[in-house]
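**Student:** Next up is a structure, given as structure tokens.
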Amino acid sequence: MEASRRLGFIGLGIMGSPMALNLLKAGHSVTVYNRTRQNSEDLARHGAAVAESPGEVARQASVIFLCLGDSDSVCRVAEDMLDHVQAGSIVADCTTIAPSVSRTIGERFRTRGVAFLDTPCSGSKAGATNATLTFMVGGDPEAFEQIGEYLMAMGRKTFYLGGPGMGLQAKLTQNLIGALIFQAMSEGFVLARKAGLAPSSVLEVLQASVARAPLIEAKLPAVTARRFEPNFSLKWMHKDLGLMLDSGRDLGVPLPTTALVHELFGASIAMGHGEEDFAAAITLLETLAGVEVSEPAPVSSAPEVSRRPLS
């Protein structure tokens, strides 16, 4: 691997900014671009070079990471890069987009002599900040080997899943299961709280049973504390659920429960929770049930009653 390669990073949001920062901390030279320039300036204080456009990043860097919002944004950035990117470069897209769209974009880069990898990641904001992300990679295996050092500067595990789009298929599968687990958590804990059970007591039961799930253990504290600052925004999970349904239609796989959860999460967005963490989706059921999944207030001790033996 060429140690002198200059890296590029396009998209400096909740995930992208800490990911790019970790590349800088690892000693790599990084040119960054973001539509909101302030995000780029923040990284400039850590040694990043700031570009004025995706095309400028493509001219300067030979390994370029994208971390954007959706398929449309990746298409726009790719269009700006195509006339400037150097043959022999590698573009690694960390955005969760439609596998079919990713394959189309990748083919356009390949006609320019550029390897394109789909490299979606999991771990949310904490994983990006602490460099503990998991990357799921599809595309050319030689290109994957060449960027391994950079991925490990941002994460803890990498999985090569096969050809173009296969990293994205794995990411969609992971998010499908995660979203459905969270919906099950929401229904179970709202039901239990309506019946008068404390969430902490229910969690203890789950932890001792086959229903134990790390996602529940991670999200329940935020729910009970009513803190929904975004680690992974509800609007992005809703977007990913739509991609899952599209993929299911393309492959002839019915996803009935996924379709229902997509609609429920959409209703939560309509209630104003789109920018919050996807854990805020529980508020829809709470509203319908008239209950809040939080710890009950402590019961004050009753006065001691004098007990006399019966005569």
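Chain identifiers are assigned as A, B, and so on, following the order in which chains appear in the structure tokens; residues are numbered from 1 within each chain, and ligands are numbered from 1 in order of appearance.
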Might you pull out every residue within 9 Å of Gly242 (chain A), with only C-alpha atoms counted and same-chain residues fewer than 6 positions away left off, and present them as a list in words?

**Tutor:**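 The neighbour list is Thr258, Ala259 and His262 of chain A.
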
**Student:** When you look at region 90-95 of chain A with a cut-off of 7 Å (counting only C-alpha atoms), what residues show up, excluding the ones that are within fewer than 6 positions of it in the same chain? I need them as a compact mmCIF listing (two decimals) with N, CA and C atoms, in the first residue's frame.

**Tutor:**
# COMPACT_ATOMS: atom_id res chain seq x y z
N SER A 62 -6.39 10.25 -4.06
CA SER A 62 -6.46 9.00 -4.82
C SER A 62 -7.27 7.92 -4.11
N VAL A 63 -7.64 8.14 -2.85
CA VAL A 63 -8.60 7.30 -2.15
C VAL A 63 -9.63 8.24 -1.53
N ILE A 64 -10.88 8.12 -1.96
CA ILE A 64 -11.90 9.10 -1.58
C ILE A 64 -13.06 8.39 -0.91
N PHE A 65 -13.39 8.84 0.29
CA PHE A 65 -14.53 8.30 1.03
C PHE A 65 -15.72 9.24 0.90
N LEU A 66 -16.89 8.67 0.70
CA LEU A 66 -18.14 9.42 0.69
C LEU A 66 -18.97 9.00 1.88
N CYS A 67 -19.60 9.96 2.55
CA CYS A 67 -20.51 9.65 3.66
C CYS A 67 -21.64 10.67 3.60
N LEU A 68 -22.63 10.36 2.78
CA LEU A 68 -23.69 11.31 2.46
C LEU A 68 -25.03 10.81 2.98
N GLY A 69 -26.13 11.40 2.49
CA GLY A 69 -27.42 11.09 3.08
C GLY A 69 -28.22 10.02 2.37
N ASP A 70 -28.22 10.04 1.01
CA ASP A 70 -29.10 9.14 0.29
C ASP A 70 -28.58 8.94 -1.13
N VAL A 114 -11.42 3.77 -12.40
CA VAL A 114 -11.49 4.02 -10.95
C VAL A 114 -12.27 2.89 -10.29
N ALA A 115 -11.72 2.31 -9.24
CA ALA A 115 -12.42 1.27 -8.48
C ALA A 115 -13.45 1.93 -7.56
N PHE A 116 -14.63 1.33 -7.50
CA PHE A 116 -15.70 1.86 -6.65
C PHE A 116 -16.15 0.76 -5.69
N LEU A 117 -16.13 1.04 -4.41
CA LEU A 117 -16.53 0.09 -3.39
C LEU A 117 -17.73 0.62 -2.63
N ASP A 118 -18.73 -0.24 -2.38
CA ASP A 118 -19.77 0.13 -1.41
C ASP A 118 -19.27 -0.32 -0.04
N THR A 119 -19.15 0.64 0.87
CA THR A 119 -18.57 0.37 2.20
C THR A 119 -19.44 0.93 3.32
N PRO A 120 -20.73 0.58 3.35
CA PRO A 120 -21.58 1.07 4.44
C PRO A 120 -21.05 0.57 5.79
N CYS A 121 -21.39 1.31 6.83
CA CYS A 121 -20.86 0.96 8.15
C CYS A 121 -21.97 1.01 9.19
N ALA A 143 -9.10 -3.74 -4.51
CA ALA A 143 -9.32 -2.39 -3.99
C ALA A 143 -9.63 -2.44 -2.50

**Student:** Which is closest to Pro298 (chain A) among A:Ser247, A:Phe135, A:Gln86, A:Ala198, if we use only C-alpha atoms?

**Tutor:**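 That would be A:Ala198, the residue with the smallest distance to Pro298 (chain A).
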
**Student:** For Val30 (chain A), which residue among A:Gly55, A:Tyr150, A:Asp72, A:Glu142 is the nearest when counting only C-alpha atoms?

**Tutor:**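 Using only C-alpha atoms, Val30 (chain A) sits closest to A:Tyr150.
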
**Student:** Within 12 Å of Ile10 (chain A), counting only C-alpha atoms, which residues show up once you throw out same-chain ones fewer than 3 positions away? Write them as a ChimeraX atom specification, please.

**Tutor:** /A:7,13,15-17,19-20,30-37,39-40,49-58,61,63-69,73-74,76-78,80-81,91-95

**Student:** Identify, with DSSP run on backbone atoms, the residues in region 23-200 of chain A assigned to alpha helix (DSSP H), and express the list as an NGL selection string.

**Tutor:** :A and (23-25 or 37-44 or 54-60 or 71-82 or 99-110 or 124-130 or 141-146 or 148-154 or 166-194 or 199-200)

**Student:** Give me the residues within 9 Å of Glu286 (chain A) as a PyMOL selection string, counting only C-alpha atoms and dropping any in the same chain fewer than 5 places off.

**Tutor:** chain A and resi 186+190+291-293

**Student:** Just how far from CA of Ala297 (chain A) is CA of Thr283 (chain A), in Å to one decimal?

**Tutor:**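 Interatomic distance, CA of Thr283 (chain A) to CA of Ala297 (chain A): 19.7 Å.
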